[in-house]
Amino acid sequence: MEEINRINFLRAELHRLNHNYYINNVSEIPDQEFDALMHELMDLEARHPEVFDPNSPTQRVGSDLSNEFETVVHKRPMLSLANTYNRQEVAEFYERVRQGLQGEEFEICCELKFDGLSISLHYEHGKLVRAVTRGDGVQGDDVTANVRTIRSVPLVLPEGVGWPEEFEIRGEVLMPWASFDALNAERERREEPLFANPRNAASGTLKSKQAAVVAERRLDAYLYYLLGDSVPCDGHYENLQAARSWGFQISRDMRKVKTLEEIYEYIDYWDIERKNLPVATDGIVLKVNSQRQQRSLGMTAKSPRWAIAYKFQAEQASTILREVTYQVGRTGAVTPVANMEPVQLSGTTVKRATLNNADFIRALDLHIGDHVLVEKGGEIIPKITAVDEQYITAERGPRVEFITRCPECGAELVRYEGEAATYCPNDTACPPQIKGRIEHFISRKAMNIDSLGPETVDDYYRQGFVRNVADLYDITIDQINGRDGTREKSARKIVQAIKDSTQVPFERVLFALGIRFVGETSAKVLARRFKSMDALAAASLDELTQVDTIGPQIAQSVRSWFENPDNVFLLERLRARGLQFALSEETLAAQSDRLAGQSIVISGVFAHHSRDEYKALIEQHGGKNVSSISARTSFILAGENMGPSKLEKAQKLGIRIVSEDEFLEMIANQTGDSGN
Ligand code: IVH
């Protein structure tokens, strides 16, 4: 059939383009054309569910369905490496290898030690079949769905390049610095806790239960170990070069060397140069290159004798603390910053370091004028790790006491129970908080007013005509035309975009308000339950906490927000401007309580709707989509190829299995009699 042929053609073509883009850095066609092909394929696949393929390029976008990770026992245990921090031990390793090989010549492959989390990928007949985390080395989590979203991991290998029918390749999943910075910026805006370093971010992401989240976060993967019964060469280095030709991302910074001096050269070079890499590294790995020699050297209980990791020292410097200043973030969180005598650290001059929070300062027993030790480890921001005690004298400067008033607006600071941070509670009049809220309001997942950016918001705020989100709706073309070089055409565009945002659905308006702890999901839940702004504003603490997934913290925050007269006034202005303050007729009509109180697991592949659509349908009818089967599961909505372990568990617990058609009937039957 013509369409099936086209699907096959598009899949192959998109895999090829993707490979050239992510592995060879060659962009053959413009992004829009790539997207157009991808969309064409998505449409065709939606029409032909019978040819569903988990390795199709379309699957890289992930599903926002919850994944349940199955535990998989590794075919070959995933050992870790012996670590060393000093050169002497590198020399001892070299000597042990030399003696172990009884004078035979050998080569050492020097590699970067990537700082992410290790992954094992399995390929059969040129296709990715499974991706497993290291876990405890013996067994790990099956994270295949998540790994499929990583663009540099090939899903289908090109034909005719000589890959073995079956092999395993191991490597590291990483979050590049650029993705990490963007992610943290976004989290800061959403009042979510920040990731300390790219490794934590990569690990949190790979273990996310939603592949769509993983897809968004832009992970990367470098592979460094090829295993299997029929790998092409005896040389580890040579095998990896072959793997590169099969489409894997292999570091180009590996070197084969013979002498200890060459090893030291490699270490010295990368200790400096690694700072220019797009991903985090924390050392180098040395491996005996020949697999035959590796086997003859063997292993200890924990790690191979043929490899060692040399870890770079987290660089430290000692300097003098001059002053502590305080920054107020968009969420009102107040961060103490140490201002120090400038000092060289990891190739940059450092004069400021974070002091985290009040408890951290107290624990350090910090005084102005103290000599302090500053470190720049895997973290981006340098931090003070200790007071350099050898310099402490009888006359120490004044002890550092956390401020009690906001440096931006003078309000008295507060600490919320169970939180380390100190906050400025003046969220309606403290400038950085106001600007932050406006930026949140216009952001993509909120009102999506994309012709306005943070700089523009800042400008409007400073000029004084935008002091809150309602002011945006009063902006006129004349007011912004010519301002800071804004031309009339873009002025019109901005005003139109603001006007268009009045059509954004209620649940997103609710999210856009920036009520503390009310993220995208809670906003949806609240919108669905209360249906209008007025009903939500009138809801008591009790009514709020009774809503599934709404805890006391969110409930209290919602109550306080609606009780604040400034917010009440703001809402009235937004209402007058025509923003959506209730679920639309359409959404309401589509809703029912048919599945109320039911916990439903989705499993398998479906013909009529995507998994995401089924999830939305479940929610629309008052049910809850849960990821794993338990005694409380009401039923399983099962498509084709339901996972065997899920099936077994369901049978054991006697949980009903509902087919796609039965389910559709279940919700169709009842249209109109729900009373909504
Ligand atoms: S080889 C038996 N090579 O470091 C050899 N590991 O403790 C197995 N890592 O768990 C590992 N970069 O997650 C190897 N170029 C590299 C590496 C590397 C990072 C990680 C890996 C492993 C840990 C070693």
# chains A, B, ... in the order shown; residues from 1 in each chain; ligands from 1
call {"tool": "closest_atom_pairs", "arguments": {"of": "chain A", "to": "ligand 1", "cutoff": "9 Å", "atoms": "only C-alpha atoms and all ligand atoms", "output": "tab-separated table"}}
result
residue	atom	partner	partner_atom_place_in_ligand_line	distance
A:Met78	CA	ligand 1	8 (C)	6.8
A:Leu79	CA	ligand 1	2 (C)	5.3
A:Ser80	CA	ligand 1	7 (O)	3.7
A:Leu81	CA	ligand 1	7 (O)	3.9
A:Ala82	CA	ligand 1	7 (O)	6.6
A:Asn83	CA	ligand 1	7 (O)	7.1
A:Cys110	CA	ligand 1	15 (N)	8.1
A:Glu111	CA	ligand 1	15 (N)	5.1
A:Leu112	CA	ligand 1	15 (N)	5.2
A:Lys113	CA	ligand 1	12 (N)	3.4
A:Phe114	CA	ligand 1	19 (C)	4.0
A:Asp115	CA	ligand 1	19 (C)	5.9
A:Gly116	CA	ligand 1	13 (O)	6.8
A:Leu117	CA	ligand 1	13 (O)	5.3
A:Ser118	CA	ligand 1	13 (O)	4.0
A:Ile119	CA	ligand 1	13 (O)	7.5
A:Arg134	CA	ligand 1	10 (O)	7.4
A:Gly137	CA	ligand 1	10 (O)	8.7
A:Arg170	CA	ligand 1	11 (C)	7.9
A:Gly171	CA	ligand 1	18 (C)	6.8
A:Glu172	CA	ligand 1	13 (O)	5.8
A:Val173	CA	ligand 1	13 (O)	8.6
A:Tyr222	CA	ligand 1	12 (N)	8.4
A:Leu223	CA	ligand 1	15 (N)	7.7
A:Tyr224	CA	ligand 1	15 (N)	5.2
A:Tyr225	CA	ligand 1	1 (S)	6.3
A:Ser251	CA	ligand 1	15 (N)	8.6
A:Met254	CA	ligand 1	15 (N)	8.6
A:Thr281	CA	ligand 1	19 (C)	7.7
A:Asp282	CA	ligand 1	19 (C)	8.1
A:Gly283	CA	ligand 1	12 (N)	8.0
A:Ile284	CA	ligand 1	15 (N)	7.0
A:Val285	CA	ligand 1	15 (N)	5.5
A:Leu286	CA	ligand 1	3 (N)	8.0
A:Lys287	CA	ligand 1	1 (S)	7.8
A:Ser303	CA	ligand 1	2 (C)	6.7
A:Pro304	CA	ligand 1	2 (C)	5.8
A:Trp306	CA	ligand 1	2 (C)	8.4
A:Ala307	CA	ligand 1	5 (C)	6.8
A:Ile308	CA	ligand 1	24 (C)	8.2
A:Ala309	CA	ligand 1	24 (C)	6.7
call {"tool": "select_by_dssp", "arguments": {"residues": "stretch 222-442 of chain A", "states": "strand (DSSP E)", "output": "PDB file with C-alpha atoms, in the first residue's frame"}}
result
ATOM      1  CA  TYR A 222      28.266   9.235  24.762  1.00  0.00           C
ATOM      2  CA  LEU A 223      29.066   5.563  24.406  1.00  0.00           C
ATOM      3  CA  TYR A 224      32.342   4.110  25.635  1.00  0.00           C
ATOM      4  CA  TYR A 225      32.182   0.331  25.833  1.00  0.00           C
ATOM      5  CA  LEU A 226      31.127  -2.206  23.220  1.00  0.00           C
ATOM      6  CA  LEU A 227      30.336  -5.732  24.382  1.00  0.00           C
ATOM      7  CA  ARG A 255      43.757   8.567  22.546  1.00  0.00           C
ATOM      8  CA  LYS A 256      45.694   5.333  22.346  1.00  0.00           C
ATOM      9  CA  VAL A 257      49.050   5.658  24.095  1.00  0.00           C
ATOM     10  CA  THR A 281      33.467  15.468  32.928  1.00  0.00           C
ATOM     11  CA  ASP A 282      34.990  14.587  36.268  1.00  0.00           C
ATOM     12  CA  GLY A 283      38.138  12.748  35.336  1.00  0.00           C
ATOM     13  CA  ILE A 284      39.709  10.465  32.792  1.00  0.00           C
ATOM     14  CA  VAL A 285      39.487   6.711  32.339  1.00  0.00           C
ATOM     15  CA  LEU A 286      42.451   4.538  31.377  1.00  0.00           C
ATOM     16  CA  LYS A 287      41.765   1.166  29.774  1.00  0.00           C
ATOM     17  CA  VAL A 288      44.038  -1.565  28.493  1.00  0.00           C
ATOM     18  CA  ALA A 307      40.973  -0.049  33.868  1.00  0.00           C
ATOM     19  CA  ILE A 308      41.137   2.815  36.326  1.00  0.00           C
ATOM     20  CA  ALA A 309      39.504   6.215  36.724  1.00  0.00           C
ATOM     21  CA  TYR A 310      41.618   9.234  37.564  1.00  0.00           C
ATOM     22  CA  LYS A 311      39.387  11.921  39.055  1.00  0.00           C
ATOM     23  CA  GLU A 315      39.725  23.007  42.719  1.00  0.00           C
ATOM     24  CA  GLN A 316      39.935  24.987  45.911  1.00  0.00           C
ATOM     25  CA  ALA A 317      41.261  28.401  46.753  1.00  0.00           C
ATOM     26  CA  SER A 318      41.584  30.428  49.933  1.00  0.00           C
ATOM     27  CA  THR A 319      40.549  34.068  50.026  1.00  0.00           C
ATOM     28  CA  ILE A 320      39.062  36.735  52.285  1.00  0.00           C
ATOM     29  CA  LEU A 321      35.367  37.355  52.851  1.00  0.00           C
ATOM     30  CA  ARG A 322      34.632  41.070  52.544  1.00  0.00           C
ATOM     31  CA  GLU A 323      30.873  41.371  52.633  1.00  0.00           C
ATOM     32  CA  VAL A 324      27.656  39.394  52.383  1.00  0.00           C
ATOM     33  CA  THR A 325      24.960  40.774  50.085  1.00  0.00           C
ATOM     34  CA  TYR A 326      21.472  39.433  49.417  1.00  0.00           C
ATOM     35  CA  GLN A 327      19.629  38.789  46.180  1.00  0.00           C
ATOM     36  CA  VAL A 328      15.883  38.574  45.916  1.00  0.00           C
ATOM     37  CA  ALA A 333      13.544  33.718  47.929  1.00  0.00           C
ATOM     38  CA  VAL A 334      16.467  35.645  49.382  1.00  0.00           C
ATOM     39  CA  THR A 335      19.913  34.239  48.540  1.00  0.00           C
ATOM     40  CA  PRO A 336      22.981  35.310  50.502  1.00  0.00           C
ATOM     41  CA  VAL A 337      26.047  35.969  48.356  1.00  0.00           C
ATOM     42  CA  ALA A 338      29.623  36.114  49.632  1.00  0.00           C
ATOM     43  CA  ASN A 339      31.691  38.944  48.153  1.00  0.00           C
ATOM     44  CA  MET A 340      35.348  38.052  48.412  1.00  0.00           C
ATOM     45  CA  GLU A 341      38.822  39.243  47.543  1.00  0.00           C
ATOM     46  CA  PRO A 342      39.168  38.079  43.887  1.00  0.00           C
ATOM     47  CA  VAL A 343      40.984  34.760  43.558  1.00  0.00           C
ATOM     48  CA  GLN A 344      41.899  32.465  40.635  1.00  0.00           C
ATOM     49  CA  LEU A 345      39.900  29.249  40.546  1.00  0.00           C
ATOM     50  CA  THR A 348      38.470  32.106  36.167  1.00  0.00           C
ATOM     51  CA  THR A 349      38.575  34.929  38.668  1.00  0.00           C
ATOM     52  CA  VAL A 350      36.099  34.293  41.438  1.00  0.00           C
ATOM     53  CA  LYS A 351      34.860  37.066  43.688  1.00  0.00           C
ATOM     54  CA  ARG A 352      31.359  35.935  44.496  1.00  0.00           C
ATOM     55  CA  ALA A 353      30.094  32.642  45.886  1.00  0.00           C
ATOM     56  CA  THR A 354      26.742  31.378  47.062  1.00  0.00           C
ATOM     57  CA  HIS A 371      39.747  33.506  55.220  1.00  0.00           C
ATOM     58  CA  VAL A 372      37.420  31.111  53.440  1.00  0.00           C
ATOM     59  CA  LEU A 373      37.902  28.076  51.203  1.00  0.00           C
ATOM     60  CA  VAL A 374      36.112  28.336  47.860  1.00  0.00           C
ATOM     61  CA  GLU A 375      35.446  25.348  45.652  1.00  0.00           C
ATOM     62  CA  LYS A 376      34.157  24.836  42.158  1.00  0.00           C
ATOM     63  CA  LYS A 383      30.667  27.746  46.919  1.00  0.00           C
ATOM     64  CA  ILE A 384      32.329  28.397  50.230  1.00  0.00           C
ATOM     65  CA  THR A 385      33.066  25.075  51.867  1.00  0.00           C
ATOM     66  CA  ALA A 386      34.730  26.149  55.113  1.00  0.00           C
ATOM     67  CA  VAL A 387      36.458  28.860  57.063  1.00  0.00           C
ATOM     68  CA  VAL A 414       9.839  35.106  56.687  1.00  0.00           C
ATOM     69  CA  ARG A 415      10.763  31.436  56.738  1.00  0.00           C
ATOM     70  CA  THR A 422      14.087  32.803  53.596  1.00  0.00           C
ATOM     71  CA  TYR A 423      11.430  34.708  51.690  1.00  0.00           C
TER      72      TYR A 423
END
call {"tool": "residues_around", "arguments": {"residues": "A:Lys493", "least_positions_apart": "2", "cutoff": "12 Å", "atoms": "only C-alpha atoms", "output": "list in words"}}
result
Ile449, Asp450, Ser451, Leu452, Ile475, Thr476, Ile477, Ile480, Asn481, Thr486, Arg487, Glu488, Lys489, Ser490, Ala491, Val495, Gln496, Ala497, Ile498, Lys499 and Asp500 of chain A
call {"tool": "residues_around", "arguments": {"residues": "A:Leu157", "least_positions_apart": "5", "cutoff": "10 Å", "atoms": "only C-alpha atoms", "output": "list in words"}}
result
Ala12, His15, Arg16, His19, Tyr123, His125, Gly126, Lys127, Leu128, Gly162, Trp163, Ser245, Trp246, Gly247 and Phe248 of chain A
call {"tool": "select_by_dssp", "arguments": {"residues": "stretch 139-309 of chain A", "states": "alpha helix (DSSP H)", "output": "NGL selection string"}}
result
:A and (144-147 or 177-189 or 198-206 or 211-217 or 236-245 or 260-273 or 291-297)
call {"tool": "residues_around", "arguments": {"residues": "A:Val504", "least_positions_apart": "6", "cutoff": "8 Å", "atoms": "only C-alpha atoms", "output": "list in words"}}
result
Met447, Leu579 and Gln580 of chain A
call {"tool": "residues_around", "arguments": {"residues": "A:Cys424", "least_positions_apart": "3", "cutoff": "12 Å", "atoms": "only C-alpha atoms", "output": "ChimeraX atom specification"}}
result
/A:326-335,403-416,421,427-434
call {"tool": "atom_distance", "arguments": {"atom1": "atom CA of A:Glu33", "atom2": "atom CA of A:Asn20"}}
result
14.9 Å
call {"tool": "decode", "arguments": {"residues": "stretch 3-21 of chain A", "atoms": "N, CA, C and O atoms", "output": "CSV table (one decimal), in the first residue's frame"}}
result
chain,number,residue,atom,x,y,z
A,3,GLU,N,0.6,4.2,1.2
A,3,GLU,CA,0.9,5.0,2.4
A,3,GLU,C,1.9,4.3,3.3
A,3,GLU,O,2.7,4.9,4.0
A,4,ILE,N,1.8,2.9,3.3
A,4,ILE,CA,2.7,2.2,4.1
A,4,ILE,C,4.2,2.3,3.6
A,4,ILE,O,5.1,2.5,4.3
A,5,ASN,N,4.3,2.3,2.3
A,5,ASN,CA,5.6,2.6,1.7
A,5,ASN,C,6.1,3.9,2.1
A,5,ASN,O,7.3,4.1,2.4
A,6,ARG,N,5.2,4.9,2.0
A,6,ARG,CA,5.6,6.2,2.4
A,6,ARG,C,6.1,6.3,3.9
A,6,ARG,O,7.1,6.9,4.2
A,7,ILE,N,5.4,5.6,4.7
A,7,ILE,CA,5.8,5.5,6.1
A,7,ILE,C,7.2,4.9,6.3
A,7,ILE,O,8.1,5.5,6.9
A,8,ASN,N,7.4,3.8,5.5
A,8,ASN,CA,8.7,3.2,5.6
A,8,ASN,C,9.8,4.1,5.1
A,8,ASN,O,10.9,4.3,5.7
A,9,PHE,N,9.5,4.8,4.0
A,9,PHE,CA,10.5,5.7,3.4
A,9,PHE,C,10.8,6.8,4.4
A,9,PHE,O,11.9,7.2,4.7
A,10,LEU,N,9.7,7.4,5.0
A,10,LEU,CA,9.9,8.6,5.9
A,10,LEU,C,10.7,8.2,7.1
A,10,LEU,O,11.6,8.9,7.6
A,11,ARG,N,10.4,7.0,7.6
A,11,ARG,CA,11.1,6.5,8.8
A,11,ARG,C,12.6,6.4,8.5
A,11,ARG,O,13.5,6.9,9.3
A,12,ALA,N,13.0,5.8,7.4
A,12,ALA,CA,14.4,5.6,7.0
A,12,ALA,C,15.0,7.0,6.8
A,12,ALA,O,16.1,7.2,7.3
A,13,GLU,N,14.3,7.8,6.1
A,13,GLU,CA,14.9,9.1,5.8
A,13,GLU,C,15.1,10.0,7.0
A,13,GLU,O,16.1,10.6,7.2
A,14,LEU,N,14.1,10.0,7.9
A,14,LEU,CA,14.3,10.8,9.2
A,14,LEU,C,15.4,10.2,10.1
A,14,LEU,O,16.1,10.9,10.7
A,15,HIS,N,15.5,8.9,10.1
A,15,HIS,CA,16.6,8.3,10.9
A,15,HIS,C,17.9,8.8,10.3
A,15,HIS,O,18.9,9.1,11.0
A,16,ARG,N,18.0,8.8,9.0
A,16,ARG,CA,19.3,9.2,8.3
A,16,ARG,C,19.6,10.6,8.6
A,16,ARG,O,20.7,11.0,9.0
A,17,LEU,N,18.6,11.5,8.4
A,17,LEU,CA,18.8,12.9,8.6
A,17,LEU,C,19.2,13.2,10.1
A,17,LEU,O,20.1,14.0,10.4
A,18,ASN,N,18.5,12.5,11.0
A,18,ASN,CA,18.8,12.6,12.4
A,18,ASN,C,20.2,12.3,12.7
A,18,ASN,O,20.9,12.9,13.4
A,19,HIS,N,20.6,11.2,12.1
A,19,HIS,CA,22.0,10.7,12.4
A,19,HIS,C,23.0,11.7,11.9
A,19,HIS,O,23.9,12.1,12.6
A,20,ASN,N,22.8,12.2,10.7
A,20,ASN,CA,23.7,13.2,10.2
A,20,ASN,C,23.7,14.5,11.0
A,20,ASN,O,24.8,15.1,11.2
A,21,TYR,N,22.6,14.8,11.5
A,21,TYR,CA,22.5,16.0,12.3
A,21,TYR,C,23.1,15.9,13.7
A,21,TYR,O,24.0,16.7,14.1
